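Chemist: Structure: my_file-v3.cif, mmCIF, C-alpha atoms.
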```cif
data_data
#
loop_
_atom_site.label_atom_id
_atom_site.label_comp_id
_atom_site.auth_asym_id
_atom_site.auth_seq_id
_atom_site.Cartn_x
_atom_site.Cartn_y
_atom_site.Cartn_z
CA ASP A 16 98.31 13.30 147.19
CA ALA A 17 95.98 14.00 144.29
CA GLU A 18 95.72 11.21 141.78
CA ILE A 19 93.74 9.69 138.94
CA THR A 20 92.62 6.08 139.22
CA GLN A 21 90.98 3.65 136.84
CA SER A 22 89.07 0.46 137.53
CA PRO A 23 89.13 -2.31 136.77
CA ARG A 24 92.75 -2.60 135.66
CA HIS A 25 91.97 -5.71 133.62
CA LYS A 26 88.65 -6.85 132.18
CA ILE A 27 87.57 -9.75 130.00
CA THR A 28 84.10 -9.61 128.51
CA GLU A 29 82.07 -11.16 125.73
CA THR A 30 80.90 -9.64 122.48
CA GLY A 31 77.59 -7.83 122.90
CA ARG A 32 77.86 -7.15 126.63
CA GLN A 33 77.73 -3.66 128.09
CA VAL A 34 80.91 -2.68 129.90
CA THR A 35 81.66 0.38 132.02
CA LEU A 36 85.18 1.53 132.81
CA ALA A 37 85.58 3.88 135.75
CA CYS A 38 87.83 6.92 136.02
CA HIS A 39 88.16 8.97 139.20
CA GLN A 40 90.41 11.96 139.78
CA THR A 41 91.07 13.90 142.95
CA TRP A 42 92.85 16.81 141.26
CA ASN A 43 89.53 18.72 141.02
CA HIS A 44 90.27 19.20 137.32
CA ASN A 45 87.60 20.52 134.99
CA ASN A 46 88.78 18.60 131.92
CA MET A 47 88.69 14.83 131.58
CA PHE A 48 89.53 12.62 128.59
CA TRP A 49 89.29 9.00 127.49
CA TYR A 50 91.82 7.53 125.04
CA ARG A 51 92.43 4.12 123.62
CA GLN A 52 95.91 2.85 122.83
CA ASP A 53 96.52 0.37 120.04
CA LEU A 54 99.77 -0.75 118.46
CA GLY A 55 100.77 1.56 115.63
CA HIS A 56 98.12 4.16 116.47
CA GLY A 57 99.42 5.84 119.58
CA LEU A 58 96.60 7.26 121.68
CA ARG A 59 93.32 8.19 120.06
CA LEU A 60 90.71 10.37 121.73
CA ILE A 61 87.34 8.71 122.39
CA HIS A 62 85.37 11.28 124.42
CA TYR A 63 86.14 14.29 126.54
CA SER A 64 84.47 16.62 129.00
CA TYR A 65 85.20 20.22 129.98
CA GLY A 66 82.98 20.20 133.05
CA VAL A 67 79.93 18.74 134.76
CA GLN A 68 77.17 17.87 132.29
CA ASP A 69 79.49 18.58 129.35
CA THR A 70 80.54 15.72 127.03
CA ASN A 71 82.02 15.73 123.53
CA LYS A 72 82.90 13.15 120.91
CA GLY A 73 86.49 12.54 119.96
CA GLU A 74 88.12 10.92 116.97
CA VAL A 75 86.91 7.34 117.66
CA SER A 76 83.64 7.72 119.60
CA ASP A 77 81.44 5.17 117.79
CA GLY A 78 80.26 2.46 120.21
CA TYR A 79 81.24 4.46 123.33
CA SER A 80 79.45 6.89 125.62
CA VAL A 81 80.35 8.96 128.67
CA SER A 82 78.50 10.98 131.28
CA ARG A 83 79.78 13.63 133.68
CA SER A 84 77.57 14.02 136.75
CA ASN A 85 80.31 15.37 139.03
CA THR A 86 83.81 16.82 138.76
CA GLU A 87 85.67 13.71 139.89
CA ASP A 88 84.29 10.96 137.63
CA LEU A 89 83.99 10.24 133.92
CA PRO A 90 82.84 6.65 133.35
CA LEU A 91 83.23 5.22 129.85
CA THR A 92 80.53 2.80 128.65
CA LEU A 93 80.82 0.38 125.78
CA GLU A 94 77.19 -0.10 124.82
CA SER A 95 77.65 -3.48 123.08
CA ALA A 96 81.25 -4.64 123.24
CA ALA A 97 82.92 -5.68 119.97
CA SER A 98 86.22 -7.47 119.39
CA SER A 99 87.52 -4.29 117.72
CA GLN A 100 87.25 -2.60 121.13
CA THR A 101 89.92 -4.84 122.62
CA SER A 102 92.47 -2.26 123.66
CA VAL A 103 94.13 -0.45 126.52
CA TYR A 104 92.06 2.49 127.75
CA PHE A 105 93.52 5.55 129.45
CA CYS A 106 91.76 8.29 131.30
CA ALA A 107 93.37 11.71 131.74
CA SER A 108 92.52 15.01 133.37
CA SER A 109 93.77 18.58 133.15
CA GLU A 110 93.02 21.94 134.67
CA SER A 111 91.63 24.79 132.60
CA GLY A 112 93.08 28.26 132.81
CA GLY A 113 95.40 28.78 129.89
CA GLY A 114 99.00 27.73 129.67
CA PRO A 115 99.99 24.17 128.80
CA GLU A 116 97.03 22.51 130.60
CA THR A 117 99.12 19.41 131.21
CA GLN A 118 97.15 16.18 131.05
CA TYR A 119 97.71 13.66 133.86
CA PHE A 120 97.06 10.05 133.02
CA GLY A 121 95.66 7.12 134.93
CA PRO A 122 97.37 3.70 134.91
CA GLY A 123 95.08 2.27 132.21
CA THR A 124 92.51 -0.51 131.84
CA ARG A 125 93.33 -3.48 129.64
CA LEU A 126 90.11 -4.74 128.02
CA LEU A 127 89.76 -8.01 126.13
CA VAL A 128 86.53 -8.64 124.22
CA LEU A 129 86.04 -12.30 123.27
CA GLY B 6 93.10 17.07 111.01
CA GLU B 7 96.42 17.22 112.80
CA ASP B 8 98.90 14.44 112.12
CA VAL B 9 101.89 13.65 114.33
CA GLU B 10 104.56 11.23 113.11
CA GLN B 11 107.38 9.45 114.93
CA SER B 12 109.74 6.64 114.09
CA LEU B 13 108.77 3.44 115.89
CA PHE B 14 112.08 2.19 117.29
CA LEU B 15 115.42 3.53 118.54
CA SER B 16 118.29 1.62 120.16
CA VAL B 17 121.25 3.27 121.89
CA ARG B 18 124.12 2.19 124.12
CA GLU B 19 124.07 3.12 127.78
CA GLY B 20 125.87 6.43 128.29
CA ASP B 21 125.25 7.64 124.73
CA SER B 22 122.79 10.39 123.80
CA SER B 23 119.38 9.49 122.40
CA VAL B 24 117.53 11.68 119.93
CA ILE B 25 113.86 11.01 119.29
CA ASN B 26 112.26 12.89 116.41
CA CYS B 27 108.71 13.96 115.71
CA THR B 28 107.00 15.87 112.90
CA TYR B 29 103.59 17.50 113.03
CA THR B 30 101.39 19.07 110.40
CA ASP B 31 99.39 21.82 112.10
CA SER B 32 101.26 25.13 112.05
CA SER B 33 98.83 26.52 114.64
CA SER B 34 100.02 24.06 117.33
CA THR B 35 100.48 26.02 120.55
CA TYR B 36 102.21 23.53 122.82
CA LEU B 37 104.20 20.41 122.03
CA TYR B 38 104.76 17.71 124.61
CA TRP B 39 106.89 14.70 125.31
CA TYR B 40 105.41 11.90 127.39
CA LYS B 41 107.09 8.71 128.64
CA GLN B 42 105.32 5.38 129.07
CA GLU B 43 106.94 2.56 131.00
CA PRO B 44 105.63 -1.01 130.60
CA GLY B 45 102.18 -1.50 132.10
CA ALA B 46 101.89 2.14 133.15
CA GLY B 47 100.14 5.30 132.07
CA LEU B 48 101.79 8.24 130.37
CA GLN B 49 104.00 10.55 132.37
CA LEU B 50 104.72 14.08 131.19
CA LEU B 51 108.44 14.64 130.64
CA THR B 52 108.45 18.16 129.30
CA TYR B 53 106.67 20.56 126.99
CA ILE B 54 107.62 23.53 124.84
CA PHE B 55 105.58 26.53 123.83
CA SER B 56 105.44 27.25 120.12
CA ASN B 57 107.25 30.58 120.42
CA MET B 58 110.36 28.87 121.84
CA ASP B 59 112.97 26.96 119.87
CA MET B 60 114.76 25.19 122.70
CA LYS B 61 114.10 24.07 126.24
CA GLN B 62 116.51 22.28 128.55
CA ASP B 63 115.62 20.38 131.70
CA GLN B 64 118.48 18.42 133.30
CA ARG B 65 119.31 15.57 130.87
CA LEU B 66 116.49 16.50 128.49
CA THR B 67 116.77 18.99 125.63
CA VAL B 68 113.82 19.79 123.40
CA LEU B 69 114.40 21.45 120.04
CA LEU B 70 111.57 22.93 117.99
CA ASN B 71 111.90 23.91 114.33
CA LYS B 72 108.61 25.61 113.52
CA LYS B 73 109.47 26.19 109.88
CA ASP B 74 109.90 22.45 109.30
CA LYS B 75 107.33 21.47 111.96
CA HIS B 76 109.94 19.25 113.58
CA LEU B 77 110.36 18.50 117.26
CA SER B 78 113.12 16.48 118.87
CA LEU B 79 113.90 15.16 122.33
CA ARG B 80 117.52 14.59 123.25
CA ILE B 81 118.33 12.51 126.33
CA ALA B 82 121.93 12.93 127.46
CA ASP B 83 123.82 10.06 129.14
CA THR B 84 121.02 7.59 128.44
CA GLN B 85 120.47 5.02 131.18
CA THR B 86 118.73 1.64 131.18
CA GLY B 87 115.92 3.24 133.17
CA ASP B 88 115.21 5.45 130.17
CA SER B 89 114.01 2.41 128.20
CA ALA B 90 110.35 3.14 127.49
CA ILE B 91 107.97 4.37 124.83
CA TYR B 92 108.17 8.11 124.17
CA PHE B 93 105.18 9.96 122.75
CA CYS B 94 105.17 13.29 121.05
CA ALA B 95 101.88 15.24 121.25
CA SER B 96 100.66 18.55 119.92
CA ALA B 97 97.94 20.88 121.18
CA ARG B 98 95.98 23.46 119.30
CA GLY B 99 94.02 26.47 120.42
CA SER B 100 93.13 26.27 124.08
CA ALA B 101 95.57 23.34 124.51
CA ARG B 102 92.84 21.10 125.83
CA GLN B 103 92.92 18.47 123.12
CA LEU B 104 96.08 16.61 122.25
CA THR B 105 97.03 14.70 119.13
CA PHE B 106 99.58 11.96 119.83
CA GLY B 107 102.17 10.33 117.65
CA SER B 108 102.34 6.54 117.59
CA GLY B 109 105.26 6.47 120.02
CA THR B 110 108.97 5.60 119.76
CA GLN B 111 110.18 2.51 121.62
CA LEU B 112 113.60 3.42 123.08
CA THR B 113 115.81 0.47 124.00
CA VAL B 114 118.98 1.16 125.96
CA LEU B 115 121.61 -1.53 125.55
CA PRO B 116 124.19 -2.18 128.31
#
```
Will you turn the file into structure tokens for me?

Modeler:
Amino acid sequence: DAEITQSPRHKITETGRQVTLACHQTWNHNNMFWYRQDLGHGLRLIHYSYGVQDTNKGEVSDGYSVSRSNTEDLPLTLESAASSQTSVYFCASSESGGGPETQYFGPGTRLLVL
Amino acid sequence: GEDVEQSLFLSVREGDSSVINCTYTDSSSTYLYWYKQEPGAGLQLLTYIFSNMDMKQDQRLTVLLNKKDKHLSLRIADTQTGDSAIYFCASARGSARQLTFGSGTQLTVLP
């Protein structure tokens, strides 16, 4: 069955370190998204991609970067981790083609920055 | 930008109906979605409604859309303890690729 996976599921790091969160989908979807979830804020969009070599900034992109070298993967990098980036991170993917373009979510990565 | 608002908490008794409300600001929203998040898990799509519809029913779920008031609701009939979760409302604009989420409503079902 097609799925979307994230790794690691839990991560503890120190302020200033570079951290990369992985997202892999086997749906063959063109569109991929990274969100962070914080209490009282719902999900906020960090970065998104509409295809290979395409990346775009979302609402809260400062301190984060992504790259899209193939269809299946969209890794999220925290260049220099800060305590304000402690959060739960969700990756999602959707197919282009009109209609509702339903987004399918991964299980999340819980990141703690000390 | 788009703003989506939900109340944070709702408690109901098992067997009663639950109604979760959502308001949005962008009149050009094309699709509106309801997602469910169980503890420790990602978001799971429950249902969606296209902006030219005013109601959609899917088994125990009924979605009502009032475009004039920009108000969306999700009714869960015969609520069960397994329905306890956080419910997110989300809206999409234009090509429907980007979603704006509300802050989520924590539904607690009491026995």

Chemist: Could you check which of A:Thr28, A:Thr41, A:Thr101, A:Ser64 is closest to chain B, using all atoms listed in the file?

Modeler: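 For chain B, the nearest of the given residues is A:Ser64.
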
Chemist: Show me which bits of chain A are within 9 Å of chain B, counting only C-alpha atoms, as an mmCIF file with C-alpha atoms, in the coordinates of the input.

Modeler:
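Contents of iface14.cif, as written:
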```cif
data_model
loop_
_atom_site.group_PDB
_atom_site.id
_atom_site.type_symbol
_atom_site.label_atom_id
_atom_site.label_comp_id
_atom_site.auth_asym_id
_atom_site.auth_seq_id
_atom_site.Cartn_x
_atom_site.Cartn_y
_atom_site.Cartn_z
ATOM 1 C CA ASN A 46 88.780 18.600 131.920
ATOM 2 C CA PHE A 48 89.530 12.620 128.590
ATOM 3 C CA ASP A 53 96.520 0.370 120.040
ATOM 4 C CA LEU A 54 99.770 -0.750 118.460
ATOM 5 C CA GLY A 55 100.770 1.560 115.630
ATOM 6 C CA HIS A 56 98.120 4.160 116.470
ATOM 7 C CA GLY A 57 99.420 5.840 119.580
ATOM 8 C CA LEU A 58 96.600 7.260 121.680
ATOM 9 C CA ARG A 59 93.320 8.190 120.060
ATOM 10 C CA LEU A 60 90.710 10.370 121.730
ATOM 11 C CA TYR A 63 86.140 14.290 126.540
ATOM 12 C CA TYR A 65 85.200 20.220 129.980
ATOM 13 C CA PHE A 105 93.520 5.550 129.450
ATOM 14 C CA CYS A 106 91.760 8.290 131.300
ATOM 15 C CA SER A 109 93.770 18.580 133.150
ATOM 16 C CA GLU A 110 93.020 21.940 134.670
ATOM 17 C CA SER A 111 91.630 24.790 132.600
ATOM 18 C CA GLY A 112 93.080 28.260 132.810
ATOM 19 C CA GLY A 113 95.400 28.780 129.890
ATOM 20 C CA GLY A 114 99.000 27.730 129.670
ATOM 21 C CA PRO A 115 99.990 24.170 128.800
ATOM 22 C CA GLU A 116 97.030 22.510 130.600
ATOM 23 C CA THR A 117 99.120 19.410 131.210
ATOM 24 C CA GLN A 118 97.150 16.180 131.050
ATOM 25 C CA TYR A 119 97.710 13.660 133.860
ATOM 26 C CA PHE A 120 97.060 10.050 133.020
ATOM 27 C CA GLY A 121 95.660 7.120 134.930
ATOM 28 C CA PRO A 122 97.370 3.700 134.910
ATOM 29 C CA GLY A 123 95.080 2.270 132.210
#
```

Chemist: Measuring atom to atom with all atoms listed in the file, identify which of A:Met47, A:Ala37, A:Ala107, A:Leu126 is nearest to Thr92 of chain A.

Modeler: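 Among A:Met47, A:Ala37, A:Ala107, A:Leu126, it is A:Ala37 that comes nearest to Thr92 of chain A.
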
Chemist: Give as number ranges by chain the residues that the PyMOL selection byres ((chain A and resi 96) around 9) matches when applied to the coordinates above.

Modeler: A: 28-34, 78, 93-95, 97-101, 128

Chemist: Atom CA of Trp49 of chain A and atom CA of Pro23 of chain A, how far apart in Å?

Modeler: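 Rounded to one decimal, the two atoms are 14.6 Å apart.
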
Chemist: I'd like the contact shell of segment 66-69 of chain A - 7 Å cut-off, all atoms listed in the file, skipping same-chain residues fewer than 5 positions apart - returned as a PyMOL selection string.

Modeler: chain A and resi 45-46+83-86

Chemist: How would the residues just picked look written out with C-alpha atoms as a CSV table (one decimal), keeping the file's coordinate frame?

Modeler:
```csv
chain,number,residue,atom,x,y,z
A,45,ASN,CA,87.6,20.5,135.0
A,46,ASN,CA,88.8,18.6,131.9
A,83,ARG,CA,79.8,13.6,133.7
A,84,SER,CA,77.6,14.0,136.8
A,85,ASN,CA,80.3,15.4,139.0
A,86,THR,CA,83.8,16.8,138.8
```

Chemist: Could you check how far atom CA of Asp63 of chain B sits from atom CA of Glu7 of chain B, in Å to one decimal?

Modeler: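 Atom-to-atom, atom CA of Asp63 of chain B and atom CA of Glu7 of chain B are spaced 27.1 Å apart.
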
Chemist: Could you state the separation of atom CA of Ala17 of chain A and atom CA of Gln52 of chain A in Å, given to one decimal place?

Modeler: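 Atom-to-atom, atom CA of Ala17 of chain A and atom CA of Gln52 of chain A are spaced 24.2 Å apart.
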